[in-house]
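Novice: Just one file: model18.txt, with compact mmCIF, C-alpha atoms and all ligand atoms.
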```
# COMPACT_ATOMS: atom_id res chain seq x y z
CA MET A 396 131.07 88.03 71.32
CA SER A 397 127.80 89.62 72.43
CA ALA A 398 125.56 92.32 71.03
CA ARG A 399 125.50 94.33 74.23
CA PRO A 400 127.36 94.35 77.52
CA LYS A 401 125.79 91.99 80.02
CA LEU A 402 123.27 93.44 82.40
CA ARG A 403 124.73 93.83 85.89
CA LEU A 404 122.39 92.19 88.39
CA VAL A 405 122.25 92.36 92.19
CA VAL A 406 120.03 89.79 93.94
CA LEU A 407 118.59 90.40 97.42
CA ILE A 408 117.59 87.35 99.44
CA SER A 409 116.58 86.38 102.98
CA GLY A 410 116.74 82.58 102.97
CA ARG A 411 116.81 79.39 100.96
CA GLY A 412 117.61 81.02 97.63
CA SER A 413 116.02 78.53 95.24
CA ASN A 414 114.94 81.37 92.93
CA LEU A 415 118.50 82.70 93.14
CA GLN A 416 119.70 79.23 92.12
CA ALA A 417 117.49 79.25 89.03
CA ILE A 418 118.99 82.63 88.07
CA LEU A 419 122.57 81.48 88.79
CA ASP A 420 122.06 78.32 86.71
CA GLN A 421 120.67 80.17 83.68
CA ALA A 422 123.39 82.82 83.90
CA ALA A 423 126.05 80.09 84.04
CA SER A 424 124.60 78.23 81.04
CA GLY A 425 124.44 81.45 79.02
CA GLU A 426 120.63 81.33 78.66
CA LEU A 427 120.40 84.48 80.73
CA PRO A 428 122.63 87.33 79.49
CA VAL A 429 123.45 88.78 82.91
CA ALA A 430 126.48 89.21 85.13
CA ILE A 431 125.49 88.56 88.72
CA ALA A 432 127.50 91.25 90.48
CA ALA A 433 126.48 90.39 94.03
CA VAL A 434 124.05 88.54 96.27
CA ILE A 435 123.07 90.25 99.53
CA SER A 436 121.10 88.74 102.41
CA ASN A 437 119.63 90.61 105.36
CA ARG A 438 119.78 87.30 107.28
CA PRO A 439 123.22 85.94 108.14
CA GLY A 440 124.14 82.36 107.36
CA VAL A 441 121.29 81.48 105.01
CA GLN A 442 121.49 78.82 102.31
CA GLY A 443 121.25 81.35 99.47
CA LEU A 444 124.60 82.89 100.46
CA GLU A 445 126.23 79.47 100.17
CA ARG A 446 124.64 78.99 96.73
CA ALA A 447 126.15 82.30 95.59
CA ARG A 448 129.62 81.40 96.87
CA GLN A 449 129.43 77.99 95.18
CA ALA A 450 128.75 79.82 91.93
CA GLY A 451 131.68 82.19 92.50
CA VAL A 452 129.44 85.22 93.08
CA PRO A 453 130.32 87.74 95.82
CA ALA A 454 127.93 87.18 98.72
CA SER A 455 127.39 89.61 101.59
CA GLU A 456 125.34 89.73 104.74
CA LEU A 457 123.78 92.93 105.98
CA ASP A 458 121.94 92.04 109.18
CA HIS A 459 119.03 94.45 109.62
CA ARG A 460 119.08 93.74 113.38
CA GLN A 461 122.42 95.56 113.61
CA PHE A 462 120.73 98.86 112.70
CA PRO A 463 118.64 101.14 114.92
CA ASP A 464 115.78 101.48 112.43
CA ARG A 465 114.60 100.71 108.88
CA PRO A 466 116.00 103.94 107.32
CA ALA A 467 119.47 103.29 108.77
CA PHE A 468 119.43 99.70 107.47
CA GLU A 469 118.29 100.86 104.05
CA ALA A 470 120.90 103.59 103.76
CA ALA A 471 123.59 100.95 104.33
CA LEU A 472 121.85 98.56 101.94
CA ILE A 473 121.73 101.18 99.16
CA GLU A 474 125.42 101.94 99.66
CA LEU A 475 126.33 98.26 99.50
CA ILE A 476 124.20 97.60 96.42
CA ASP A 477 125.45 100.66 94.55
CA ARG A 478 129.08 99.67 95.02
CA HIS A 479 128.25 96.98 92.46
CA ARG A 480 126.74 99.48 89.96
CA PRO A 481 123.69 97.32 89.12
CA ASP A 482 121.48 97.85 86.07
CA LEU A 483 118.80 95.77 87.78
CA VAL A 484 118.11 94.73 91.38
CA VAL A 485 115.84 91.75 92.06
CA LEU A 486 114.18 90.66 95.30
CA ALA A 487 114.21 86.85 95.45
CA GLY A 488 112.53 85.84 98.68
CA PHE A 489 113.63 89.08 100.31
CA MET A 490 111.52 89.52 103.43
CA ARG A 491 111.97 93.15 104.56
CA VAL A 492 109.47 95.85 103.71
CA LEU A 493 111.24 98.70 101.87
CA THR A 494 110.60 102.42 102.40
CA PRO A 495 109.93 104.90 99.57
CA ARG A 496 113.50 106.14 99.87
CA PHE A 497 114.69 102.74 98.68
CA THR A 498 111.97 102.05 96.12
CA ASP A 499 112.35 105.54 94.57
CA HIS A 500 116.11 105.13 94.31
CA TYR A 501 115.70 101.96 92.21
CA LEU A 502 112.39 102.80 90.52
CA GLY A 503 112.14 101.05 87.14
CA ARG A 504 115.10 98.79 87.88
CA LEU A 505 113.77 96.84 90.88
CA LEU A 506 111.73 93.62 90.49
CA ASN A 507 110.05 91.28 92.98
CA ILE A 508 108.64 87.77 92.73
CA HIS A 509 105.52 87.34 94.80
CA PRO A 510 103.85 83.96 95.37
CA SER A 511 100.29 84.84 94.37
CA LEU A 512 98.27 85.98 91.38
CA LEU A 513 98.41 89.68 92.25
CA PRO A 514 96.37 91.72 93.03
CA LYS A 515 95.12 88.74 95.05
CA PHE A 516 96.91 87.99 98.31
CA ARG A 517 99.45 90.71 98.85
CA GLY A 518 101.70 90.24 101.88
CA LEU A 519 102.64 87.03 103.65
CA HIS A 520 101.25 83.44 103.94
CA THR A 521 99.77 83.53 100.45
CA HIS A 522 99.42 79.76 99.93
CA GLU A 523 97.53 79.26 103.16
CA ARG A 524 95.26 82.19 102.34
CA ALA A 525 94.57 80.98 98.78
CA ILE A 526 93.49 77.56 100.08
CA ALA A 527 91.36 79.12 102.83
CA ALA A 528 89.65 81.33 100.23
CA GLY A 529 88.72 78.28 98.14
CA GLU A 530 90.71 79.41 95.10
CA THR A 531 90.96 76.88 92.27
CA GLU A 532 93.92 78.69 90.72
CA HIS A 533 96.99 80.19 92.32
CA GLY A 534 100.45 81.15 91.14
CA ALA A 535 103.22 83.71 91.17
CA SER A 536 103.73 87.22 89.84
CA ILE A 537 106.72 89.31 88.81
CA HIS A 538 106.20 93.02 89.39
CA PHE A 539 108.10 96.28 89.36
CA VAL A 540 108.54 97.30 92.99
CA THR A 541 107.00 100.58 94.08
CA ALA A 542 106.44 102.02 97.56
CA GLU A 543 103.10 100.20 97.76
CA LEU A 544 103.76 96.73 99.19
CA ASP A 545 103.20 94.11 96.46
CA GLY A 546 101.26 96.85 94.65
CA GLY A 547 103.60 97.75 91.78
CA PRO A 548 102.67 97.03 88.14
CA VAL A 549 102.62 93.31 87.32
CA ILE A 550 104.73 92.11 84.39
CA VAL A 551 104.06 88.39 84.08
CA GLN A 552 102.29 85.62 85.98
CA ALA A 553 102.41 81.83 86.08
CA ARG A 554 99.32 79.89 87.13
CA VAL A 555 98.92 76.52 88.77
CA PRO A 556 95.81 74.64 89.84
CA VAL A 557 94.90 74.28 93.50
CA LEU A 558 94.20 70.56 93.85
CA PRO A 559 91.93 68.73 96.28
CA GLY A 560 93.94 67.76 99.33
CA ASP A 561 96.51 70.53 98.88
CA ASP A 562 98.05 71.97 102.01
CA PRO A 563 100.17 75.14 102.01
CA ASP A 564 103.35 73.08 101.50
CA THR A 565 102.17 71.05 98.51
CA LEU A 566 100.74 74.18 96.91
CA ALA A 567 103.92 76.19 97.60
CA ALA A 568 106.01 73.47 95.95
CA ARG A 569 103.83 73.55 92.81
CA VAL A 570 104.08 77.35 92.64
CA LEU A 571 107.83 77.34 93.32
CA GLU A 572 108.51 75.10 90.33
CA GLN A 573 106.89 77.76 88.15
CA GLU A 574 108.70 80.61 89.93
CA HIS A 575 111.96 79.07 88.79
CA ARG A 576 110.88 79.50 85.16
CA LEU A 577 109.14 82.81 85.65
CA TYR A 578 111.91 84.92 87.21
CA PRO A 579 114.66 84.08 84.70
CA GLN A 580 112.20 84.82 81.87
CA ALA A 581 111.33 88.29 83.21
CA ILE A 582 114.99 89.10 83.86
CA ARG A 583 115.86 88.01 80.32
CA TRP A 584 113.24 90.39 78.89
CA PHE A 585 114.66 93.23 80.99
CA ALA A 586 118.22 92.37 79.91
CA GLU A 587 117.12 92.38 76.26
CA GLY A 588 115.71 95.88 76.69
CA ARG A 589 112.13 94.71 76.04
CA LEU A 590 110.73 95.71 79.44
CA HIS A 591 110.34 99.20 80.89
CA LEU A 592 108.39 101.00 83.58
CA LYS A 593 106.90 104.30 82.38
CA GLY A 594 104.96 106.05 85.11
CA GLU A 595 102.63 103.42 86.54
CA GLN A 596 102.64 101.36 83.37
CA VAL A 597 104.66 98.37 82.18
CA TRP A 598 105.85 98.65 78.58
CA PHE A 599 106.78 95.50 76.67
CA ASP A 600 108.25 95.56 73.16
CA GLY A 601 107.50 99.26 72.77
CA ARG A 602 103.83 99.07 73.81
CA PRO A 603 101.99 99.53 77.11
CA LEU A 604 100.90 96.17 78.53
CA PRO A 605 97.12 96.00 78.89
CA GLY A 606 97.51 93.39 81.65
CA PRO A 607 100.00 90.90 83.00
CA LEU A 608 101.65 88.56 80.51
CA ARG A 609 100.99 84.88 81.19
CA LEU A 610 103.47 82.09 81.00
CA ALA A 611 100.59 80.13 79.49
CA ASP A 612 102.69 77.14 78.64
CA VAL A 613 103.26 76.49 82.33
CA ILE A 614 99.65 75.54 83.00
CA ASP A 615 99.54 71.86 83.88
CA GLY A 616 96.41 69.99 84.74
CA LEU A 617 93.92 72.79 84.17
N1 LIG A 701 108.74 96.91 99.69
C1 LIG A 701 107.98 97.73 98.98
N2 LIG A 701 108.00 99.03 99.30
N3 LIG A 701 107.19 97.33 97.97
C2 LIG A 701 107.14 96.02 97.66
O1 LIG A 701 106.35 95.64 96.67
C3 LIG A 701 107.92 95.08 98.38
C4 LIG A 701 108.73 95.58 99.40
C5 LIG A 701 109.52 94.72 100.17
C6 LIG A 701 109.49 93.36 99.96
C7 LIG A 701 108.53 91.36 98.86
C8 LIG A 701 107.23 90.95 99.57
C9 LIG A 701 106.49 89.80 98.96
O2 LIG A 701 106.68 89.48 97.78
C10 LIG A 701 108.65 92.84 98.96
C11 LIG A 701 107.88 93.70 98.16
C12 LIG A 701 108.14 91.03 103.22
C13 LIG A 701 106.96 91.43 103.82
C14 LIG A 701 106.88 91.64 105.32
O3 LIG A 701 105.81 91.87 105.86
C15 LIG A 701 105.86 91.67 103.00
C16 LIG A 701 105.97 91.51 101.63
C17 LIG A 701 107.16 91.10 101.04
C18 LIG A 701 108.24 90.87 101.85
N4 LIG A 701 108.03 91.60 106.04
C19 LIG A 701 108.15 91.82 107.49
C20 LIG A 701 108.72 93.23 107.79
O4 LIG A 701 108.42 93.73 108.88
C21 LIG A 701 109.14 90.86 108.11
C22 LIG A 701 108.76 89.42 107.91
C23 LIG A 701 109.92 88.48 108.21
O5 LIG A 701 111.07 88.93 108.42
O6 LIG A 701 109.67 87.26 108.20
O7 LIG A 701 109.48 93.78 106.98
O8 LIG A 701 105.64 89.20 99.64
C1 LIG A 702 109.43 82.20 97.08
O1 LIG A 702 108.28 81.40 97.03
C2 LIG A 702 109.07 83.65 96.86
O2 LIG A 702 108.05 83.84 95.93
C3 LIG A 702 108.61 84.03 98.23
O3 LIG A 702 109.46 83.38 99.13
C4 LIG A 702 109.99 82.20 98.50
C5 LIG A 702 111.48 82.30 98.51
O4 LIG A 702 112.05 81.08 98.14
N1 LIG A 702 108.68 85.45 98.43
C6 LIG A 702 107.97 86.06 99.36
O5 LIG A 702 107.15 85.49 100.04
C7 LIG A 702 108.29 87.50 99.52
N2 LIG A 702 107.63 87.98 100.67
P1 LIG A 702 113.57 80.97 97.75
O6 LIG A 702 114.36 81.67 98.85
O7 LIG A 702 113.84 79.50 97.71
O8 LIG A 702 113.76 81.65 96.42
```
Could you render the structure from this file as structure tokens?
Specialist:
Amino acid sequence: MSARPKLRLVVLISGRGSNLQAILDQAASGELPVAIAAVISNRPGVQGLERARQAGVPASELDHRQFPDRPAFEAALIELIDRHRPDLVVLAGFMRVLTPRFTDHYLGRLLNIHPSLLPKFRGLHTHERAIAAGETEHGASIHFVTAELDGGPVIVQARVPVLPGDDPDTLAARVLEQEHRLYPQAIRWFAEGRLHLKGEQVWFDGRPLPGPLRLADVIDGL
């Protein structure tokens, strides 16, 4: 017995799928009120596809290299996703830049997890860049995806300290642990109807968010 039908979720991945695993685990335990309709990877044979199959979730590959250009790949991707009639699509380590055609189609129902405290360090190699910049804090952000790469409105962030002696791998591991708490939380809020995109603005519990929420309880060692 549930108050509302479960949110239908499609997860896009490109690799390892540890964030996917956190979502699968919370969906299986009932903590996260979602039905994972499909997992789709643009890279064939990746670990995340195996994780989906292990959990009994339909897993497909759509190899972008089989298409002549980005628009052709995306047209096929939209068709594949929409066969599953998702209420929400999440990028979980998905590594292809998306055109406005795609981001407009899913506007307000497309989330990304990005491994930095946005607006700092958009793009790739964020951990290396945070260390090089001498940051003392780093983290991860969940944002609504818009056409602007890693530029959509931020919903919630988790922070971790950058410690003396960190290299990109040790820092990435510390951030990843928080990502695995952060993404299920944001998806839960969306599933509960507490989270909306209105224009350029995130609304949470019926009010515009003045700034990103913080998973403050995740701060260790600061
Ligand atoms: N697309 C749009 N329009 N907006 C966003 O906010 C997006 C997006 C697509 C992906 C995830 C993102 C991240 O969190 C994301 C957000 C890939 C690249 C990239 O440069 C950049 C950012 C992100 C993902 N990809 C290369 C490309 O040519 C390929 C790199 C590779 O395959 O290893 O697409 O950081
Ligand atoms: C995560 O750290 C995620 O934030 C990052 O890639 C990793 C994927 O790990 N995403 C990006 O860098 C997007 N460009 P996972 O496959 O184990 O979830």
Novice: Please tabulate, as JSON lines, the residues of chain A that come within 7 Å of ligand LIG 701 (chain A), each with its closest pair of atoms and the distance in Å to one decimal, counting all atoms listed in the file and ordering rows by chain, then residue number upward.
Specialist:
```
{"residue": "A:Leu486", "atom": "CA", "partner": "A:LIG701", "partner_atom": "C7", "distance": 6.7}
{"residue": "A:Gly488", "atom": "CA", "partner": "A:LIG701", "partner_atom": "C7", "distance": 6.8}
{"residue": "A:Phe489", "atom": "CA", "partner": "A:LIG701", "partner_atom": "C7", "distance": 5.8}
{"residue": "A:Met490", "atom": "CA", "partner": "A:LIG701", "partner_atom": "C12", "distance": 3.7}
{"residue": "A:Arg491", "atom": "CA", "partner": "A:LIG701", "partner_atom": "O7", "distance": 3.5}
{"residue": "A:Val492", "atom": "CA", "partner": "A:LIG701", "partner_atom": "C5", "distance": 3.7}
{"residue": "A:Leu493", "atom": "CA", "partner": "A:LIG701", "partner_atom": "N1", "distance": 3.8}
{"residue": "A:Thr494", "atom": "CA", "partner": "A:LIG701", "partner_atom": "N2", "distance": 5.3}
{"residue": "A:Pro495", "atom": "CA", "partner": "A:LIG701", "partner_atom": "N2", "distance": 6.2}
{"residue": "A:Thr498", "atom": "CA", "partner": "A:LIG701", "partner_atom": "N2", "distance": 5.9}
{"residue": "A:Asn507", "atom": "CA", "partner": "A:LIG701", "partner_atom": "C7", "distance": 6.1}
{"residue": "A:Ile508", "atom": "CA", "partner": "A:LIG701", "partner_atom": "O2", "distance": 5.7}
{"residue": "A:His509", "atom": "CA", "partner": "A:LIG701", "partner_atom": "O2", "distance": 3.8}
{"residue": "A:Pro510", "atom": "CA", "partner": "A:LIG701", "partner_atom": "O2", "distance": 6.7}
{"residue": "A:Arg517", "atom": "CA", "partner": "A:LIG701", "partner_atom": "O8", "distance": 6.4}
{"residue": "A:Gly518", "atom": "CA", "partner": "A:LIG701", "partner_atom": "C16", "distance": 4.5}
{"residue": "A:Leu519", "atom": "CA", "partner": "A:LIG701", "partner_atom": "O8", "distance": 5.5}
{"residue": "A:Val540", "atom": "CA", "partner": "A:LIG701", "partner_atom": "O1", "distance": 4.6}
{"residue": "A:Thr541", "atom": "CA", "partner": "A:LIG701", "partner_atom": "N3", "distance": 5.1}
{"residue": "A:Ala542", "atom": "CA", "partner": "A:LIG701", "partner_atom": "N2", "distance": 3.8}
{"residue": "A:Glu543", "atom": "CA", "partner": "A:LIG701", "partner_atom": "N3", "distance": 5.0}
{"residue": "A:Leu544", "atom": "CA", "partner": "A:LIG701", "partner_atom": "N3", "distance": 3.7}
{"residue": "A:Asp545", "atom": "CA", "partner": "A:LIG701", "partner_atom": "O1", "distance": 3.5}
{"residue": "A:Gly546", "atom": "CA", "partner": "A:LIG701", "partner_atom": "O1", "distance": 5.6}
{"residue": "A:Gly547", "atom": "CA", "partner": "A:LIG701", "partner_atom": "O1", "distance": 6.0}
```
Novice: Could you please determine the separation between atom CA of Glu523 of chain A and atom CA of Leu577 of chain A in Å, to one decimal place?
Specialist: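 The value is 21.3 Å.
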Novice: Residues near segment 445-448 of chain A, anyone? I mean within 9 Å using only C-alpha atoms, not counting same-chain ones fewer than 4 positions away, as a list in words.
Specialist: Arg411, Gly412, Ser413, Leu415, Gln416, Leu419, Ala433, Val434, Gly440, Val441, Val452, Pro453 and Ala454 of chain A
Novice: Can you tell me how far atom CA of Gln573 of chain A sits from atom CA of Gly588 of chain A, in Å to one decimal?
Specialist: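 We find that atom CA of Gln573 of chain A and atom CA of Gly588 of chain A lie 23.2 Å from each other.
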Novice: Between atom CA of Ile435 of chain A and atom CA of Val485 of chain A, what is the distance, to one decimal in Å?
Specialist: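 Rounded to one decimal, the two atoms are 10.5 Å apart.
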Novice: Choose the residue, out of A:Asp482, A:Arg438, A:Pro428, A:Arg589, that has the smallest atom-to-atom separation from Gly601 of chain A; count only C-alpha atoms.
Specialist: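 Between A:Asp482, A:Arg438, A:Pro428, A:Arg589, the residue approaching Gly601 of chain A most closely is A:Arg589.
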Novice: Can you tell me, as a list of chain:residue names, which residues sit within 10 Å of (107.5, 100.3, 86.0) in the file's frame, using all atoms listed in the file?
Specialist: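 Every residue inside that radius is included here: A:Leu502, A:Gly503, A:Arg504, A:Leu505, A:Leu506, A:His538, A:Phe539, A:Val540, A:Thr541, A:Gly547, A:Pro548, A:Val549, A:Ile550, A:Leu590, A:His591, A:Leu592, A:Lys593, A:Gly594, A:Glu595, A:Gln596, A:Val597, A:Trp598.
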Novice: Taking all atoms of ligand LIG 702 (chain A) that appear in the file, build a box with edges along x, y and z, extend it by 8 Å on every side, and state its centre and edge lengths in Å to one decimal, as lines of an AutoDock Vina configuration file.
Specialist:
```
center_x = 110.8
center_y = 83.7
center_z = 98.3
size_x = 23.2
size_y = 24.5
size_z = 20.7
```
Novice: Do you know which residues are at most 8 Å from Gln552 of chain A counting only C-alpha atoms, after dropping those on the same chain fewer than 3 positions away, and could you put them as a ChimeraX atom specification?
Specialist: /A:512,534-537,549,577,607-610
Novice: Quick one: everything within 12 Å of His522 of chain A, counting only C-alpha atoms, minus sequence neighbours fewer than 5 positions away in the same chain. Send it as a PyMOL selection string.
Specialist: chain A and resi 509-512+515-517+527-535+555-557+561-571
Novice: Tell me which of A:Gly560, A:Gly443, A:Gly425, A:Pro514 sits closest to ligand LIG 702 (chain A), counting all atoms listed in the file.
Specialist: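 Among the listed residues, the smallest separation from ligand LIG 702 (chain A) belongs to A:Gly443.
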Novice: Quick one: residues within 10 Å of Pro400 of chain A, all atoms listed in the file, excluding same-chain residues fewer than 4 positions away - as a list in words?
Specialist: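 Those residues are Met396, Pro428, Val429, Ala430 and Ala586 of chain A.
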Novice: Could you check which of A:Gln449, A:Thr521, A:Ser455, A:Gln461 is closest to ligand LIG 702 (chain A), using all atoms listed in the file?
Specialist: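 Answer, going by the shortest atom-to-atom distance: A:Thr521.
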Novice: Can you work out which one of A:Leu513, A:Ala423, A:Leu483, A:Ile526 has the shortest atom-to-atom distance to ligand LIG 702 (chain A), counting all atoms listed in the file?
Specialist: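 Result for the nearest residue to ligand LIG 702 (chain A): A:Leu513.
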Novice: Just the residues within 10 Å of Gln580 of chain A, please, counting all atoms listed in the file, with nothing from its chain fewer than 3 positions along; format it as a PyMOL selection string.
Specialist: chain A and resi 418+421+426-427+537+551+574-577+583-586+610
Novice: Please, could you write that set of residues out with C-alpha atoms as an mmCIF file, keeping the file's coordinate frame?
Specialist:
```
data_model
loop_
_atom_site.group_PDB
_atom_site.id
_atom_site.type_symbol
_atom_site.label_atom_id
_atom_site.label_comp_id
_atom_site.auth_asym_id
_atom_site.auth_seq_id
_atom_site.Cartn_x
_atom_site.Cartn_y
_atom_site.Cartn_z
ATOM 1 C CA ILE A 418 118.990 82.630 88.070
ATOM 2 C CA GLN A 421 120.670 80.170 83.680
ATOM 3 C CA GLU A 426 120.630 81.330 78.660
ATOM 4 C CA LEU A 427 120.400 84.480 80.730
ATOM 5 C CA ILE A 537 106.720 89.310 88.810
ATOM 6 C CA VAL A 551 104.060 88.390 84.080
ATOM 7 C CA GLU A 574 108.700 80.610 89.930
ATOM 8 C CA HIS A 575 111.960 79.070 88.790
ATOM 9 C CA ARG A 576 110.880 79.500 85.160
ATOM 10 C CA LEU A 577 109.140 82.810 85.650
ATOM 11 C CA ARG A 583 115.860 88.010 80.320
ATOM 12 C CA TRP A 584 113.240 90.390 78.890
ATOM 13 C CA PHE A 585 114.660 93.230 80.990
ATOM 14 C CA ALA A 586 118.220 92.370 79.910
ATOM 15 C CA LEU A 610 103.470 82.090 81.000
#
```
Novice: Taking all atoms listed in the file into account, name the residue in A:His500, A:His520, A:His479, A:Arg399 that is nearest to ligand LIG 702 (chain A).
Specialist: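 For ligand LIG 702 (chain A), the nearest of the given residues is A:His520.
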Novice: Which one is closest to ligand LIG 702 (chain A): A:Ser424, A:Gln442, A:Asn414, A:Ser436? Count all atoms listed in the file.
Specialist: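 Smallest separation from ligand LIG 702 (chain A) among the options: A:Asn414.
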Novice: Could you add whatever atoms are missing so that segment 435-443 of chain A carries all heavy atoms, then write the result as a tab-separated table (two decimals), in the coordinates of the input?
Specialist:
```tsv
chain	number	residue	atom	x	y	z
A	435	ILE	N	123.07	89.65	98.18
A	435	ILE	CA	123.07	90.25	99.53
A	435	ILE	C	121.89	89.70	100.31
A	435	ILE	O	120.76	89.68	99.81
A	435	ILE	CB	122.96	91.79	99.44
A	435	ILE	CG1	124.13	92.37	98.62
A	435	ILE	CG2	122.90	92.41	100.84
A	435	ILE	CD1	123.97	93.83	98.24
A	436	SER	N	122.16	89.24	101.53
A	436	SER	CA	121.10	88.74	102.41
A	436	SER	C	121.01	89.61	103.66
A	436	SER	O	122.04	89.96	104.24
A	436	SER	CB	121.39	87.29	102.82
A	436	SER	OG	120.46	86.88	103.82
A	437	ASN	N	119.80	89.90	104.08
A	437	ASN	CA	119.63	90.61	105.36
A	437	ASN	C	119.68	89.63	106.53
A	437	ASN	O	119.69	90.06	107.68
A	437	ASN	CB	118.30	91.37	105.38
A	437	ASN	CG	117.10	90.44	105.40
A	437	ASN	OD1	116.95	89.64	104.49
A	437	ASN	ND2	116.28	90.52	106.43
A	438	ARG	N	119.67	88.31	106.22
A	438	ARG	CA	119.78	87.30	107.28
A	438	ARG	C	121.12	86.58	107.13
A	438	ARG	O	121.39	85.99	106.08
A	438	ARG	CB	118.64	86.29	107.20
A	438	ARG	CG	117.30	86.90	107.53
A	438	ARG	CD	116.32	85.92	108.14
A	438	ARG	NE	115.14	86.63	108.59
A	438	ARG	CZ	114.96	87.09	109.83
A	438	ARG	NH1	115.89	86.89	110.75
A	438	ARG	NH2	113.88	87.78	110.16
A	439	PRO	N	121.92	86.61	108.19
A	439	PRO	CA	123.22	85.94	108.14
A	439	PRO	C	123.08	84.42	108.03
A	439	PRO	O	122.12	83.85	108.54
A	439	PRO	CB	123.87	86.29	109.49
A	439	PRO	CG	123.05	87.38	110.09
A	439	PRO	CD	121.68	87.29	109.48
A	440	GLY	N	124.02	83.82	107.33
A	440	GLY	CA	124.14	82.36	107.36
A	440	GLY	C	123.11	81.57	106.58
A	440	GLY	O	123.02	80.36	106.75
A	441	VAL	N	122.35	82.22	105.73
A	441	VAL	CA	121.29	81.48	105.01
A	441	VAL	C	121.85	80.70	103.83
A	441	VAL	O	122.93	80.99	103.30
A	441	VAL	CB	120.16	82.43	104.54
A	441	VAL	CG1	119.47	83.08	105.74
A	441	VAL	CG2	120.68	83.48	103.56
A	442	GLN	N	121.06	79.72	103.38
A	442	GLN	CA	121.49	78.82	102.31
A	442	GLN	C	121.79	79.56	101.00
A	442	GLN	O	122.70	79.17	100.26
A	442	GLN	CB	120.40	77.76	102.07
A	442	GLN	CG	120.83	76.63	101.15
A	442	GLN	CD	119.67	75.70	100.79
A	442	GLN	OE1	118.54	75.86	101.27
A	442	GLN	NE2	119.95	74.72	99.95
A	443	GLY	N	121.04	80.61	100.72
A	443	GLY	CA	121.25	81.35	99.47
A	443	GLY	C	122.65	81.94	99.36
A	443	GLY	O	123.22	82.00	98.26
```
